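Working notes, structure below.
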Amino acid sequence: MNTEDQLLTDIQSGNTQAFSQLVEKYQDQMYSVCLSILKTKDEAQEATQDTFIKIYKSLGKYNRQSKFSSWAYRIAYRTSLDYIRKRKATIDIDNVDHTILSSVQSSDRQLEQVELSNKLLAAIGYLPSEEAGLVRMFHLEEMSIQELMDITGLSKSNTKVKLFRARKKLAEIIKTNFSEMESYLEMQ
Amino acid sequence: MDSGLTRILDYIDGNMANAESDAFSQEILHNKELNKQYRYHLNVNTALTKLPTSKAPDAMMDNIMQSLTKPSFLTAKYSSFAGIKFIIAGAFVVTAILLLIGYLFSSDVAVAYNTSQLTQYMDRIIPNWEMPTSSLMPYAPYVCFSLAIPLFAVLDNYMRSFSFINTK
């Protein structure tokens with residue numbers, strides 16, 4: 001039994017301390033996905049909190065044969081999409097503060113890399129919610145199409161098409177809105 | 001789909017068969033424009049893979065742990081179905097109470113004086129108090145049933161917070 005399995009067993013036996021360790025381990029990843037989809041920090045925080053509460057309450061339904069992170073991402077992804085559906089006033093994508101996603105902080109990285117990351121996150125902010133989530137998850141964990149299918153519940157062809165469109169759009173967004181970054185990426 | 005970009009992304013993701021991949025490698029070497037596009041998408045892909053996670057707010061952990069330690073009936077966001085469940089339960093209780101009050105004050109109720117200990121005790125507290133014991137008995141199961149519904153609803157909601165136990 002590996003460390004994560006032990007942690008999940010402890011949680012299922014009612015150890016809340018073990019659950020706090022699990023939250024500590026995954027909160028940044030889940031928050032990143034929720035933030036990419038929802039694009040506002042407050043909503044992303046709420047959705048992430050809901051995600052962890054759902055994880056805690058439905059841990060008994062988790063099949064240990066599958067990857068825990070994929071199962072957790074699926075809950076985060078669906079919870080975020082539920083938040084979008086429940087929004088009373090739809091946020092106009094053009095009015096979203098795209099810099100809100102670019103909150104990368106690093107002291108030991110070179111400024112150039114941090115700036116690139118911030119601009120890239122801002123560019124992801126221009127993508128529609130679902131596509132932004134797909135791109136973020138695909139690259140964050142270097143997920144396979146099969147894992148994305150499990151998370152989104154879409155068919156293989158649908159997942160591939162959506163991911164392709166999202167990546168194509170992102171490249172276009174970089175070319176249109178982030179010409180400096182485009183030149184930088186071309187020169188690398 | 002854009003076949004040029006599809007091929008570039010498939011090549012980057014390693015989704016091409018060996019022969020196709022080798023042919024594409026040669027094509028990149030000899031086609032300057034394709035090479036430029038490939039390098040651009042490779043760099044975008046690499047940069048995306050290197051993207052760090054966004055830091056979750058500090059308060060998040062406390063909020064999550066607090067939500068889990070509070071009794072669920074205080075923290076649960078009731079779905080519309082659960083809301084209806086409580087409205088129905090509430091309606092049962094109100095109906096039961098109204099029936100009881102109506103019955104007690106009804107002039108048709110036959111007063112059956114009982115010399116049980118409770119009656120004697122009530123007599124000392126409230127002089128001239130009358131207990132229509134026998135006439136109320138047929139209504140007792142309905143009243144108990146109505147009162148049990150909200151009790152079960154609250155219990156059910158409370159137990160949901162521990163639903164992960166033995167549900168596999």
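Naming works like this for the structure tokens: A, B, ... for the chains as they're shown, residue 1 at the start of each chain, ligands 1 onward in shown order.
Summary of the local environment: counting only C-alpha atoms, residues at most 7 Å from region 147-160 of chain A, other than itself and those fewer than 6 positions away along its chain, are A:Ser70, A:Trp71, A:Tyr73, A:Arg74.
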Next, dump the selected residues to file, keeping only C-alpha atoms, as a PDB file, in the first residue's frame.
ATOM      1  CA  SER A  70      -7.984  11.940 -12.171  1.00  0.00           C
ATOM      2  CA  TRP A  71     -11.002  11.241  -9.952  1.00  0.00           C
ATOM      3  CA  TYR A  73      -9.914  16.456 -11.218  1.00  0.00           C
ATOM      4  CA  ARG A  74     -13.217  15.076 -12.489  1.00  0.00           C
TER       5      ARG A  74
END
Query - Exercise answer, chain A residues close to chain B, 8 Å and only C-alpha atoms, as number ranges by chain - result: A: 12-13, 16, 20, 23-24, 27-29, 31-32, 45, 49, 52-53, 56-62, 101, 103-104, 116-117, 120, 136, 139-142, 161, 164, 168, 171, 182, 185-186, 188
For the selection just defined, write its residues with N, CA and C atoms to a file, as a CSV table (one decimal), in the first residue's frame.
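Dumped everything to again.csv:
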chain,number,residue,atom,x,y,z
A,12,GLN,N,-10.9,7.4,5.3
A,12,GLN,CA,-12.2,6.6,5.4
A,12,GLN,C,-12.5,6.0,6.7
A,13,SER,N,-11.4,5.9,7.6
A,13,SER,CA,-11.6,5.5,8.9
A,13,SER,C,-11.9,6.7,9.9
A,16,THR,N,-9.6,13.0,10.2
A,16,THR,CA,-9.6,14.3,9.5
A,16,THR,C,-8.3,14.9,9.3
A,20,SER,N,-6.7,16.6,5.9
A,20,SER,CA,-6.0,17.9,5.7
A,20,SER,C,-4.7,17.7,4.9
A,23,VAL,N,-5.7,17.5,1.3
A,23,VAL,CA,-6.1,18.9,0.8
A,23,VAL,C,-4.8,19.6,0.5
A,24,GLU,N,-3.9,19.6,1.5
A,24,GLU,CA,-2.6,20.3,1.3
A,24,GLU,C,-1.9,19.8,0.0
A,27,GLN,N,-4.5,20.9,-3.2
A,27,GLN,CA,-5.3,22.1,-3.3
A,27,GLN,C,-4.9,23.1,-4.4
A,28,ASP,N,-3.6,23.2,-4.6
A,28,ASP,CA,-3.1,24.1,-5.7
A,28,ASP,C,-3.5,23.6,-7.1
A,29,GLN,N,-3.4,22.3,-7.3
A,29,GLN,CA,-3.8,21.7,-8.6
A,29,GLN,C,-5.3,21.9,-8.9
A,31,TYR,N,-7.3,24.1,-7.4
A,31,TYR,CA,-7.6,25.5,-7.5
A,31,TYR,C,-7.2,26.0,-8.9
A,32,SER,N,-6.1,25.6,-9.4
A,32,SER,CA,-5.6,26.0,-10.8
A,32,SER,C,-6.6,25.7,-11.8
A,45,GLN,N,-12.2,29.7,-5.5
A,45,GLN,CA,-12.0,29.3,-4.1
A,45,GLN,C,-13.2,28.5,-3.6
A,49,GLN,N,-13.3,24.5,-2.7
A,49,GLN,CA,-13.7,24.0,-1.3
A,49,GLN,C,-14.8,23.0,-1.5
A,52,PHE,N,-13.4,19.6,-2.5
A,52,PHE,CA,-12.8,18.8,-1.5
A,52,PHE,C,-13.9,18.2,-0.5
A,53,ILE,N,-14.9,19.0,-0.3
A,53,ILE,CA,-16.0,18.5,0.6
A,53,ILE,C,-16.7,17.3,-0.2
A,56,TYR,N,-14.4,14.3,0.1
A,56,TYR,CA,-14.5,13.7,1.5
A,56,TYR,C,-15.8,12.9,1.6
A,57,LYS,N,-16.9,13.4,1.2
A,57,LYS,CA,-18.2,12.7,1.3
A,57,LYS,C,-18.4,11.5,0.5
A,58,SER,N,-17.7,11.5,-0.7
A,58,SER,CA,-17.9,10.4,-1.6
A,58,SER,C,-16.7,9.5,-1.8
A,59,LEU,N,-15.8,9.6,-0.9
A,59,LEU,CA,-14.6,8.8,-1.0
A,59,LEU,C,-14.9,7.3,-1.0
A,60,GLY,N,-16.0,6.9,-0.4
A,60,GLY,CA,-16.3,5.5,-0.5
A,60,GLY,C,-16.6,5.0,-1.9
A,61,LYS,N,-17.0,6.0,-2.8
A,61,LYS,CA,-17.3,5.6,-4.1
A,61,LYS,C,-16.1,5.5,-5.0
A,62,TYR,N,-15.0,6.0,-4.5
A,62,TYR,CA,-13.8,6.1,-5.4
A,62,TYR,C,-13.2,4.7,-5.6
A,101,LEU,N,-5.6,35.5,-13.6
A,101,LEU,CA,-5.1,34.1,-13.5
A,101,LEU,C,-3.6,34.2,-13.4
A,103,SER,N,-1.0,34.9,-11.5
A,103,SER,CA,-0.6,35.2,-10.2
A,103,SER,C,0.6,34.3,-9.7
A,104,VAL,N,1.4,34.0,-10.7
A,104,VAL,CA,2.5,33.1,-10.4
A,104,VAL,C,3.5,33.9,-9.6
A,116,LEU,N,6.7,35.0,-18.7
A,116,LEU,CA,6.2,34.1,-19.7
A,116,LEU,C,5.0,33.3,-19.1
A,117,SER,N,5.2,32.8,-17.9
A,117,SER,CA,4.1,32.0,-17.3
A,117,SER,C,2.9,32.9,-17.0
A,120,LEU,N,1.2,33.6,-20.3
A,120,LEU,CA,0.5,32.3,-20.8
A,120,LEU,C,-0.8,32.1,-20.1
A,136,ARG,N,-5.5,23.4,-19.4
A,136,ARG,CA,-4.8,23.4,-18.2
A,136,ARG,C,-4.6,22.0,-17.6
A,139,HIS,N,-2.0,19.9,-19.7
A,139,HIS,CA,-0.6,20.2,-19.6
A,139,HIS,C,-0.1,20.2,-18.1
A,140,LEU,N,-1.0,20.4,-17.2
A,140,LEU,CA,-0.6,20.5,-15.8
A,140,LEU,C,-0.1,19.1,-15.3
A,141,GLU,N,-0.8,18.1,-15.7
A,141,GLU,CA,-0.4,16.7,-15.3
A,141,GLU,C,0.0,15.9,-16.5
A,142,GLU,N,0.2,16.5,-17.6
A,142,GLU,CA,0.6,15.8,-18.8
A,142,GLU,C,-0.3,14.6,-19.0
A,161,VAL,N,-11.2,16.6,-30.4
A,161,VAL,CA,-11.6,17.7,-31.1
A,161,VAL,C,-11.6,19.0,-30.3
A,164,PHE,N,-8.0,19.9,-29.4
A,164,PHE,CA,-7.3,20.5,-30.6
A,164,PHE,C,-7.8,22.0,-30.8
A,168,LYS,N,-5.5,25.3,-30.6
A,168,LYS,CA,-5.4,26.1,-31.8
A,168,LYS,C,-5.8,27.6,-31.5
A,171,ALA,N,-3.1,29.3,-29.5
A,171,ALA,CA,-2.0,29.8,-30.3
A,171,ALA,C,-2.4,31.0,-31.0
A,182,GLU,N,4.8,35.8,-28.5
A,182,GLU,CA,4.9,35.0,-29.8
A,182,GLU,C,6.4,35.0,-30.3
A,185,LEU,N,8.6,33.0,-28.1
A,185,LEU,CA,8.4,31.6,-28.3
A,185,LEU,C,9.0,31.1,-29.7
A,186,GLU,N,9.0,32.0,-30.7
A,186,GLU,CA,9.5,31.6,-32.0
A,186,GLU,C,11.0,31.6,-31.9
A,188,GLN,N,12.9,30.8,-29.3
A,188,GLN,CA,13.5,29.8,-28.4
A,188,GLN,C,14.1,28.6,-29.2
Query raised in the report: Would you give me, as JSON, numbers by chain, the residues in region 30-184 of chain A that DSSP reads as alpha helix (DSSP H)?
Result: {"A": [30, 31, 32, 33, 34, 35, 36, 37, 38, 41, 42, 43, 44, 45, 46, 47, 48, 49, 50, 51, 52, 53, 54, 55, 56, 57, 68, 69, 70, 71, 72, 73, 74, 75, 76, 77, 78, 79, 80, 81, 82, 83, 84, 85, 86, 111, 112, 113, 114, 115, 116, 117, 118, 119, 120, 121, 122, 123, 124, 125, 129, 130, 131, 132, 133, 134, 135, 136, 137, 138, 139, 140, 145, 146, 147, 148, 149, 150, 151, 152, 156, 157, 158, 159, 160, 161, 162, 163, 164, 165, 166, 167, 168, 169, 170, 171, 172, 173, 174, 175, 176, 177, 179, 180, 181, 182, 183, 184]}
